[in-house]
Structures are given as C-alpha cells and as structure tokens.
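*Asks:* Questions regarding the structure given below will be posed in turn.
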Amino acid sequence: MAIIVPQVPLAVSPWRPLLVDGGGACKAACKYCPDPTVQGRPLAEADLGEWAVGTRGVQGINIIARPYPEVAADLYCLVQKLVVNNPALVIVTLGPGAPIDTWGLQHLKEAGATGVCFSLVAVTRSLDASTRPGRGGRQWWDTCWELVDTAISLWGPGKVGLTLGLGLGETEQQVMATIQQVRDRGAVSYIYPLMTTAEIKVSTGKLYRVLLARHLITTGQATSNQMQYDDFGQVIHFGVPRDRFYEIMQEAKPFSLDNLWLDCCSMGWQAELAAGLFPAQPGAEMVPELIRRVCSVDWREAWLTRTRVFELEGVDFDEDEIEAENGSIYKMIAELGRAGRSN
Ligand code: SF4
C-alpha cells in the first residue's frame, strides 16, 4: 500500500516545513498550542528554485496552514507555484478549525498537492472538546473526520494523514482505537508527544509502546482489539507472536522519525523529538535496551491519566475505595499520582 509520503528523517535531511498564516496570531486557542504568534516564513520567488529536489536535499515540503478565512485560496496559489517550480512532494497540513470544505480540498488537489494531513491531535472527542473550551457548537473532532473522508475520496487511500498528539490525558488503549479507525478509513496516522504544553508529561515507555503498536496496526500485523491492555489502558501484549516481536525490535522501524509529523503545535521541536527516539538500525546489542524502553512504566503518569479519563467521562472516582479493593500496588500507584498532582 502506498503510504502518504516517505518522510525523510528530520534531523538528517530536512522535511522543510512552511507555515502559512493570516498575518496574525491564530484564533483557534488550542490549550496545547506552544505559541499561536509564531510567524510563517514568507516564501520568496527565489526560494522556489532552491527548493527543488537535489539542490538542498529537500524531498518534500510540508505546508502547515493556520485557520484563517482566506486560507484555502492562499494554499491553492502556493501549492500551484511550488508544483510548477520544483518536483518535490507538496503536502498541506491543516490544523483545528481550518475553514476548508470539499471545494477547498478539490482545489488543492487540482493545484497539485500530493496529499493532505489533518491535525486531529486529541484522540477522543471528549479530549478534543476539553482542549478548546468555550467554543461550543460543533467540535473540530467531527469536522476533521468528515474532511478526512472527503480527502480520501479525492486523493485515494494512503495519501491522507492524521496527526495524533500524546500528553492530553489519553490512555494507550484510546490511542490504539483511534489509530485503528484511521487505518480502517484508509488514512495514515502520525504520532508526536506534546512537549511543554502536555497536560501529563509523556514518558518514554508510553511513547515507545504507542509507536510500536501504531506500526503494527498501520502495517496490518495486528489490530487494536488483538492487543491487550492493563487496568490503566497500557499495552501489555501487542497481538503478535513472541518471535515476531523480537524481529520488530531488531528492525526498530517503529521508532524512527518517519513516524512523526510536524504541525503547528509541534513546530520548533524537531531536535527534542529526535532526541527521544531510537537511532535507526540499532545493532543487535541494543535490542535489550529497546525492549527495556518499551516495557518501562511510569505509574504516576498511568494514575494521572486514568484520573483524567474518569474526570472527562464524568465518573465518580473514589481513589480510597480503589486502593482498598486492589491492594498495595494500587496504594503505591495512587500515592505517586497524588504526589504528581501536588507538584
Ligand atoms: S495549535 Fe495550531 S491551530 Fe491551535 S492555536 Fe496553535 S497555531 Fe492555532
């Protein structure tokens, strides 16, 4: 199956991001936004030639679009110019609240965009609603899935992406359910941990388990339902036989930068994202370390996440009762969670 774009490792050969904005701060007011005032780099005519494949090693251009009224028309013109001037792949990433419809997507396709990517960010509808409080009405969650379906009907399977953030208080099980939904629709999911704006800091263990499970779902080796989860929604079995698990660890493909996608809430974090991942092609001696990372659990993160899920679902959550019913390990985890909240 054709995948949206073979993203080149960001740290080695830049997947050049270009931010298109309406000349002012973004009004989407996402709680996880690192800086809505980040300005886009204006594109000079002279740049167009330089951006051709081979001159600067640019293999793809990711246009990250802010939501503002004229965004569709601006994107249309920019994509047309880029496509005419160089043969690099041109992808458009659209963030929350993007005022684009079937007409806008059709025009992007006609202009020559290789594909589109949508920043869904939150992996559940209730998490999405909690990230832009006070907006009321229709959620980005609903609009985004409709746009994905429209885009797939225009570009075809494998040419449409969705970025999913980690760190808003989602369980790994919820992430996997959404990744499965993305695959079943014919789109491709990309993962990145939110950095300074994470509600709950993403641990190495969670990032690695999510990347591994995402790889297995995306490549059709396992489904989210074949995986097993603990009481905290953490993956405890990846739905593949033990031998295959070790082979995948040796390949280390799930942990490369190709699985990440830059959008407006991850701009400027390439170096930090790269530092948290495993280098490509680790030697056999590194496999135990890779497995250690996949198996590591941050119980404070697990407890805080479970608490956040209950809070969003409106479930009355009695920590003392859960401790009493489940014994000493849960008591210890609860204490870690409380300590995490009071920090
Ligand atoms: S994350 Fe993107 S869409 Fe949201 S406020 Fe920031 S720039 Fe705007």
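Every chain in the structure tokens has a letter given in the order shown (A, B, ...), and although residue numbers restart at 1 in each chain, ligands are simply numbered from 1 in the order shown.
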Can you check which parts of chain A lie within 12 Å of ligand 1? Per residue, the shortest pair of atoms and distance in Å to one decimal, counting only C-alpha atoms and all ligand atoms, sorted by chain and number, as JSON lines.

*Replies:*
{"residue": "A:Leu19", "atom": "CA", "partner": "ligand 1", "partner_atom_place_in_ligand_line": "7 (S)", "distance": 9.6}
{"residue": "A:Val20", "atom": "CA", "partner": "ligand 1", "partner_atom_place_in_ligand_line": "7 (S)", "distance": 10.3}
{"residue": "A:Asp21", "atom": "CA", "partner": "ligand 1", "partner_atom_place_in_ligand_line": "7 (S)", "distance": 8.9}
{"residue": "A:Gly22", "atom": "CA", "partner": "ligand 1", "partner_atom_place_in_ligand_line": "8 (Fe)", "distance": 11.0}
{"residue": "A:Gly24", "atom": "CA", "partner": "ligand 1", "partner_atom_place_in_ligand_line": "7 (S)", "distance": 10.3}
{"residue": "A:Ala25", "atom": "CA", "partner": "ligand 1", "partner_atom_place_in_ligand_line": "7 (S)", "distance": 7.6}
{"residue": "A:Cys26", "atom": "CA", "partner": "ligand 1", "partner_atom_place_in_ligand_line": "8 (Fe)", "distance": 4.5}
{"residue": "A:Lys27", "atom": "CA", "partner": "ligand 1", "partner_atom_place_in_ligand_line": "5 (S)", "distance": 6.0}
{"residue": "A:Ala28", "atom": "CA", "partner": "ligand 1", "partner_atom_place_in_ligand_line": "5 (S)", "distance": 4.4}
{"residue": "A:Ala29", "atom": "CA", "partner": "ligand 1", "partner_atom_place_in_ligand_line": "5 (S)", "distance": 4.2}
{"residue": "A:Cys30", "atom": "CA", "partner": "ligand 1", "partner_atom_place_in_ligand_line": "4 (Fe)", "distance": 4.2}
{"residue": "A:Lys31", "atom": "CA", "partner": "ligand 1", "partner_atom_place_in_ligand_line": "5 (S)", "distance": 7.3}
{"residue": "A:Tyr32", "atom": "CA", "partner": "ligand 1", "partner_atom_place_in_ligand_line": "1 (S)", "distance": 6.3}
{"residue": "A:Cys33", "atom": "CA", "partner": "ligand 1", "partner_atom_place_in_ligand_line": "1 (S)", "distance": 4.0}
{"residue": "A:Pro34", "atom": "CA", "partner": "ligand 1", "partner_atom_place_in_ligand_line": "6 (Fe)", "distance": 6.5}
{"residue": "A:Asp35", "atom": "CA", "partner": "ligand 1", "partner_atom_place_in_ligand_line": "6 (Fe)", "distance": 6.1}
{"residue": "A:Pro36", "atom": "CA", "partner": "ligand 1", "partner_atom_place_in_ligand_line": "7 (S)", "distance": 4.4}
{"residue": "A:Thr37", "atom": "CA", "partner": "ligand 1", "partner_atom_place_in_ligand_line": "7 (S)", "distance": 7.4}
{"residue": "A:Val38", "atom": "CA", "partner": "ligand 1", "partner_atom_place_in_ligand_line": "7 (S)", "distance": 7.6}
{"residue": "A:Gln39", "atom": "CA", "partner": "ligand 1", "partner_atom_place_in_ligand_line": "7 (S)", "distance": 9.6}
{"residue": "A:Gly40", "atom": "CA", "partner": "ligand 1", "partner_atom_place_in_ligand_line": "7 (S)", "distance": 10.6}
{"residue": "A:Ile64", "atom": "CA", "partner": "ligand 1", "partner_atom_place_in_ligand_line": "2 (Fe)", "distance": 8.9}
{"residue": "A:Ala65", "atom": "CA", "partner": "ligand 1", "partner_atom_place_in_ligand_line": "2 (Fe)", "distance": 8.4}
{"residue": "A:Arg66", "atom": "CA", "partner": "ligand 1", "partner_atom_place_in_ligand_line": "3 (S)", "distance": 5.9}
{"residue": "A:Pro67", "atom": "CA", "partner": "ligand 1", "partner_atom_place_in_ligand_line": "3 (S)", "distance": 6.5}
{"residue": "A:Tyr68", "atom": "CA", "partner": "ligand 1", "partner_atom_place_in_ligand_line": "8 (Fe)", "distance": 9.6}
{"residue": "A:Thr93", "atom": "CA", "partner": "ligand 1", "partner_atom_place_in_ligand_line": "2 (Fe)", "distance": 10.4}
{"residue": "A:Leu94", "atom": "CA", "partner": "ligand 1", "partner_atom_place_in_ligand_line": "3 (S)", "distance": 8.3}
{"residue": "A:Gly95", "atom": "CA", "partner": "ligand 1", "partner_atom_place_in_ligand_line": "3 (S)", "distance": 4.9}
{"residue": "A:Pro96", "atom": "CA", "partner": "ligand 1", "partner_atom_place_in_ligand_line": "3 (S)", "distance": 4.9}
{"residue": "A:Gly97", "atom": "CA", "partner": "ligand 1", "partner_atom_place_in_ligand_line": "3 (S)", "distance": 6.8}
{"residue": "A:Ala98", "atom": "CA", "partner": "ligand 1", "partner_atom_place_in_ligand_line": "3 (S)", "distance": 7.9}
{"residue": "A:Pro99", "atom": "CA", "partner": "ligand 1", "partner_atom_place_in_ligand_line": "3 (S)", "distance": 11.3}
{"residue": "A:Phe118", "atom": "CA", "partner": "ligand 1", "partner_atom_place_in_ligand_line": "3 (S)", "distance": 10.7}
{"residue": "A:Ser119", "atom": "CA", "partner": "ligand 1", "partner_atom_place_in_ligand_line": "3 (S)", "distance": 8.4}
{"residue": "A:Leu120", "atom": "CA", "partner": "ligand 1", "partner_atom_place_in_ligand_line": "3 (S)", "distance": 10.1}
{"residue": "A:Val121", "atom": "CA", "partner": "ligand 1", "partner_atom_place_in_ligand_line": "1 (S)", "distance": 8.9}
{"residue": "A:Ala122", "atom": "CA", "partner": "ligand 1", "partner_atom_place_in_ligand_line": "1 (S)", "distance": 11.3}
{"residue": "A:Asp128", "atom": "CA", "partner": "ligand 1", "partner_atom_place_in_ligand_line": "4 (Fe)", "distance": 11.3}
{"residue": "A:Thr131", "atom": "CA", "partner": "ligand 1", "partner_atom_place_in_ligand_line": "4 (Fe)", "distance": 9.2}
{"residue": "A:Arg132", "atom": "CA", "partner": "ligand 1", "partner_atom_place_in_ligand_line": "4 (Fe)", "distance": 8.6}
{"residue": "A:Trp140", "atom": "CA", "partner": "ligand 1", "partner_atom_place_in_ligand_line": "3 (S)", "distance": 10.4}
{"residue": "A:Thr163", "atom": "CA", "partner": "ligand 1", "partner_atom_place_in_ligand_line": "1 (S)", "distance": 11.8}
{"residue": "A:Gly165", "atom": "CA", "partner": "ligand 1", "partner_atom_place_in_ligand_line": "1 (S)", "distance": 10.8}
{"residue": "A:Leu194", "atom": "CA", "partner": "ligand 1", "partner_atom_place_in_ligand_line": "1 (S)", "distance": 10.5}
{"residue": "A:Thr197", "atom": "CA", "partner": "ligand 1", "partner_atom_place_in_ligand_line": "1 (S)", "distance": 10.1}
{"residue": "A:Leu262", "atom": "CA", "partner": "ligand 1", "partner_atom_place_in_ligand_line": "2 (Fe)", "distance": 10.9}
{"residue": "A:Asp263", "atom": "CA", "partner": "ligand 1", "partner_atom_place_in_ligand_line": "2 (Fe)", "distance": 7.4}
{"residue": "A:Cys264", "atom": "CA", "partner": "ligand 1", "partner_atom_place_in_ligand_line": "2 (Fe)", "distance": 4.4}
{"residue": "A:Cys265", "atom": "CA", "partner": "ligand 1", "partner_atom_place_in_ligand_line": "1 (S)", "distance": 4.3}
{"residue": "A:Ser266", "atom": "CA", "partner": "ligand 1", "partner_atom_place_in_ligand_line": "1 (S)", "distance": 8.1}
{"residue": "A:Met267", "atom": "CA", "partner": "ligand 1", "partner_atom_place_in_ligand_line": "7 (S)", "distance": 9.2}

*Asks:* Give me the residues within 9 Å of Leu105 (chain A) as an NGL selection string, counting only C-alpha atoms and dropping any in the same chain fewer than 3 places off.

*Replies:* :A and (72 or 100-102 or 108-110 or 116 or 147 or 150-151 or 154)

*Asks:* Measuring between only C-alpha atoms, which one of A:Thr307, A:Gln234, A:Thr143, A:Ser256 shows the shortest distance to Ile191 (chain A)?

*Replies:*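 The shortest atom-to-atom distance to Ile191 (chain A) comes from A:Ser256.
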
*Asks:* Closest to Leu166 (chain A) among A:Ile152, A:Met195, A:Leu290, A:Leu277, using only C-alpha atoms?

*Replies:*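 Closest candidate: A:Met195.
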
*Asks:* Identify, with DSSP run on backbone atoms, the residues in region 78-300 of chain A assigned to alpha helix (DSSP H), and express the list as a PyMOL selection string.

*Replies:* chain A and resi 78-85+102-111+125-131+140-155+172-185+204-218+242-251+270-275+287-295+299-300

*Asks:* At what distance in Å, to one decimal, does CA of Phe310 (chain A) lie from CA of Thr223 (chain A)?

*Replies:*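 Atom-to-atom, CA of Thr223 (chain A) and CA of Phe310 (chain A) are spaced 25.1 Å apart.
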
*Asks:* Which is closest to Gly169 (chain A) among A:Glu272, A:Asp298, A:Asp258, A:Glu311, if we use only C-alpha atoms?

*Replies:*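 So, comparing all the options, the nearest one is A:Glu311.
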